[in-house]
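Peer 1: Input: one structure, supplied below.
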Amino acid sequence: MDCSVDGAEEVENDSLTSPTGIQSPVMDRNPSPPPETADGEEDEDLDAIGDTVYSKHWLFSTLTRLIHMVTEHAEKDSEGQMQLPDDDEEDLCRVWDMAMDKDVAGFLQEFKATDILLGVIAKSHCPRLTEICVGILGNIACFPDTCLTLSQNQDLGAVLLLLLGDTDPPTLLETSRLLLTCVSQKDVSSLWLQRIRQQTSVHSSLCFIMCSSTNTDLLEKVGELVDKLFDLDEELMKSWITAQPSEEEEDNGESCLDVASCLLEAAKQLRQESPNGLEVYLHALQLLTTIDEGIQVFAAPDGPGKAIWDFVCGVVCEDLCQPNDPPVVLQEQKSILVQAFSVLQALYSCQEQWPSKSDTSPSLIATILRVLQNHSECKDDGTNKESTKDEQLQTLAEITAEFLADIFNQITKDTVADLVNKGFLTEKTCLTAAGSLLPNFKTSFQHLQLMLAETDPQLADVVRKQFPD
């Protein structure tokens with residue numbers, strides 16, 4: 001493919017592997033204007049990019065210097081790692097920041113900056129330089145027009161997907177950000193999805209990152225990318241969940257990375273560090289439960305279903321909606337609770353096929369009851385009228401009620417007695433639970449009543465009086 005600095009030389013695949021580099025600085029300010037020209041105000045107006053104060057001349061000279069720098073290094077020491085001088089790094093970071101401006105992004109496209117940056121990436125033996133170039137492209141892609149032009153570059157598309165196999169976390173972060181930006185824009189998403197389906201290394205590269213990285217920012221962005229891909233392309237999701245080792249992998253003794261297990265490993269890493277990132281991974285797992293292929297994998301005796309169940313139960317019971325939390329905590333946790341309960345409800349039906357199936361823990365049922373109780377109190381509280389109009393809270397209440405119905409439909413007398421003895425099933429929570437089960441889950445309500453009659457007749461009478469047949 002033709003994508004060298006000047007667009008004429010072939011890209012070598014092995015030039016895409018770089019050792020770990022320096023983390024990107026956090027940009028928390030607008031970029032400083034580039035150095036002024038010396039020709040007066042009129043020339044400055046002609047030199048300005050659009051309505052900005054940024055200089056065309058400065059941008060030209062910076063990119064030209066970049067081309068010369070990379071070319072000279074390739075001619076002198078094509079295999080050695082290149083060091084990026086501090087002044088050049090500062091100028092390139094300024095271009096990176098400038099590219100967030102729509103006028104600058106458009107001007108960079110007109111100046112064929114995409115081809116220049118692609119050529120630099122192909123020749124780069126400097127992780128930091130590769131990261132910056134991909135970051136600039138990521139900012140250019142934030143605008144529909146420039147994203148369309150960028151996305152139509154076939155060579156760039158191929159190189160970016162191969163970069164997912166890089167070993168430098170900052171480069172992987174910027175590559176994932178760029179790909180997420182592109183697949184999120186409707187005019188070009190189908191083009192990128194087609195490329196990703198055809199490039200089988202994307203699946204293994206992303207799985208490797210999820211199961212091995214400890215970089216929180218990288219795991220968050222990769223999770224967002226995988227979640228978006230699953231949301232947009234069900235066939236892609238099916239192919240990844242059912243992927244088998246290729247002949248080449250088997251010959252090399254390599255195992256195919258299971259995408260569900262990789263999602264679980266990343267979720268474990270983010271559990272304490274990033275609630276938002278954890279929610280993204282729970283949503284990706286939830287999407288897998290919406291297809292038959294996913295349920296079959298989760299139900300398999302040697303599949304990841306039991307491990308995912310145990311992990312999500314731990315999150316729900318230990319991290320969310322604790323006994324001392326006020327009811328309004330649901331406003332903060334409603335989104336992640338929706339994802340968690342959706343995953344658990346789907347996995348609940350798989351338990352019969354797991355070798356070590358156990359009864360649903362009382363602490364999980366207690367959390368479900370607490371969520372329903374808190375929702376009821378939020379809804380009835382006259383100072384919190386907005387909660388009755390909150391669609392996500394309503395969705396949480398519906399999913400929680402459905403999950404409770406599944407559990408209560410086959411709950412044992414011993415489990416009910418345990419819930420009562422531990423103070424989880426009180427008159428208050430029992431009435432709330434009964435109210436959530438009726439009228440849609442009458443069978444579960446009747447089974448609960450039967451178990452209560454055998455374990456706590458007094459509580460059974462309270463429920464019967466409140467909800468007579």
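Residues are named by chain letter and number: chains run A, B, ... in the order of the structure tokens, numbers start at 1 in each chain, and ligands are numbered from 1 in the order shown.
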When DSSP works through the backbone of this structure, what residues of range 171-223 of chain A end up as helix (DSSP H, G or I), shown as a PyMOL selection string?

Peer 2: chain A and resi 171-183+189-198+201-212+216-223

Peer 1: Give me the residues near range 70-76 of chain A as a PDB file with N, CA and C atoms, in the first residue's frame, where near means some atom within 8 Å (using only C-alpha atoms) and where sequence neighbours in that chain fewer than 6 positions away do not count.

Peer 2:
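Once everything was written out, this is out01.pdb:
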ATOM      1  N   VAL A   5       5.806   8.989   3.685  1.00  0.00           N
ATOM      2  CA  VAL A   5       5.734  10.419   3.957  1.00  0.00           C
ATOM      3  C   VAL A   5       5.314  11.182   2.725  1.00  0.00           C
ATOM      4  N   MET A  82      13.789   6.287  17.265  1.00  0.00           N
ATOM      5  CA  MET A  82      14.023   7.713  17.081  1.00  0.00           C
ATOM      6  C   MET A  82      13.621   8.474  18.335  1.00  0.00           C
ATOM      7  N   VAL A 120       4.164   9.324   8.133  1.00  0.00           N
ATOM      8  CA  VAL A 120       4.997   9.408   9.335  1.00  0.00           C
ATOM      9  C   VAL A 120       4.770   8.199  10.235  1.00  0.00           C
ATOM     10  N   LYS A 123       6.589   5.183   8.925  1.00  0.00           N
ATOM     11  CA  LYS A 123       8.043   5.223   9.057  1.00  0.00           C
ATOM     12  C   LYS A 123       8.509   5.387  10.507  1.00  0.00           C
ATOM     13  N   SER A 124       7.571   5.708  11.396  1.00  0.00           N
ATOM     14  CA  SER A 124       7.953   6.089  12.760  1.00  0.00           C
ATOM     15  C   SER A 124       8.582   4.944  13.534  1.00  0.00           C
TER      16      SER A 124
END

Peer 1: Smallest atom-to-atom distance to Ile295 in chain A: which of A:Ala266, A:Glu89, A:Leu419, A:Cys350, using only C-alpha atoms?

Peer 2: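 Using only C-alpha atoms, Ile295 in chain A sits closest to A:Cys350.
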
Peer 1: Would you mind listing what lies within 6 Å of range 274-284 of chain A as a ChimeraX atom specification, with only C-alpha atoms counted and same-chain residues fewer than 6 positions away left out?

Peer 2: /A:220,223,227,267,336,339

Peer 1: Please dump the current selection as a compact mmCIF listing (two decimals), in the first residue's frame; keep N, CA and C atoms.

Peer 2:
# COMPACT_ATOMS: atom_id res chain seq x y z
N GLU A 220 -10.99 1.74 29.36
CA GLU A 220 -12.26 2.45 29.18
C GLU A 220 -12.55 2.67 27.71
N GLY A 223 -13.24 -0.54 25.82
CA GLY A 223 -14.58 -1.00 26.18
C GLY A 223 -15.66 -0.25 25.42
N ASP A 227 -18.16 -2.06 22.83
CA ASP A 227 -19.59 -1.88 23.09
C ASP A 227 -20.29 -1.26 21.88
N ALA A 267 -13.47 -5.71 33.15
CA ALA A 267 -14.43 -5.22 34.15
C ALA A 267 -13.87 -5.37 35.55
N ILE A 336 -25.93 1.82 36.01
CA ILE A 336 -25.13 0.60 36.18
C ILE A 336 -25.97 -0.53 36.75
N GLN A 339 -27.77 -2.31 33.89
CA GLN A 339 -26.89 -3.23 33.17
C GLN A 339 -26.62 -4.49 34.00

Peer 1: In Å, rounded to a single decimal, give me how far CA of Gln322 in chain A is from CA of Arg271 in chain A.

Peer 2: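 Between CA of Arg271 in chain A and CA of Gln322 in chain A the gap is 16.2 Å.
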
Peer 1: Check the smallest atom-to-atom distance from each of A:Ser261, A:Asn215, A:Gln351, A:Gln194 to Leu236 in chain A using only C-alpha atoms, then report the winner.

Peer 2: A:Gln194

Peer 1: Closest to Lys186 in chain A among A:Asp461, A:Glu398, A:Asp310, A:Asp145, using only C-alpha atoms?

Peer 2: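 Nearest candidate to Lys186 in chain A out of A:Asp461, A:Glu398, A:Asp310, A:Asp145: A:Asp145.
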
Peer 1: Mind giving me the straight-line distance from CA of Trp192 in chain A to CA of Gly119 in chain A in Å, one decimal?

Peer 2: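 Separating CA of Trp192 in chain A from CA of Gly119 in chain A is a distance of 20.4 Å.
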
Peer 1: Which is closest to Asp97 in chain A among A:Glu131, A:Asn139, A:Phe60, A:Leu179, if we use only C-alpha atoms?

Peer 2: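 That would be A:Asn139, the residue with the smallest distance to Asp97 in chain A.
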
Peer 1: Let me make sure I understand: among A:Asp258, A:Glu377, A:Glu110, A:Glu265, which one has the smallest atom-to-atom distance to Ile308 in chain A if we use only C-alpha atoms?

Peer 2: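 Closest candidate: A:Glu265.
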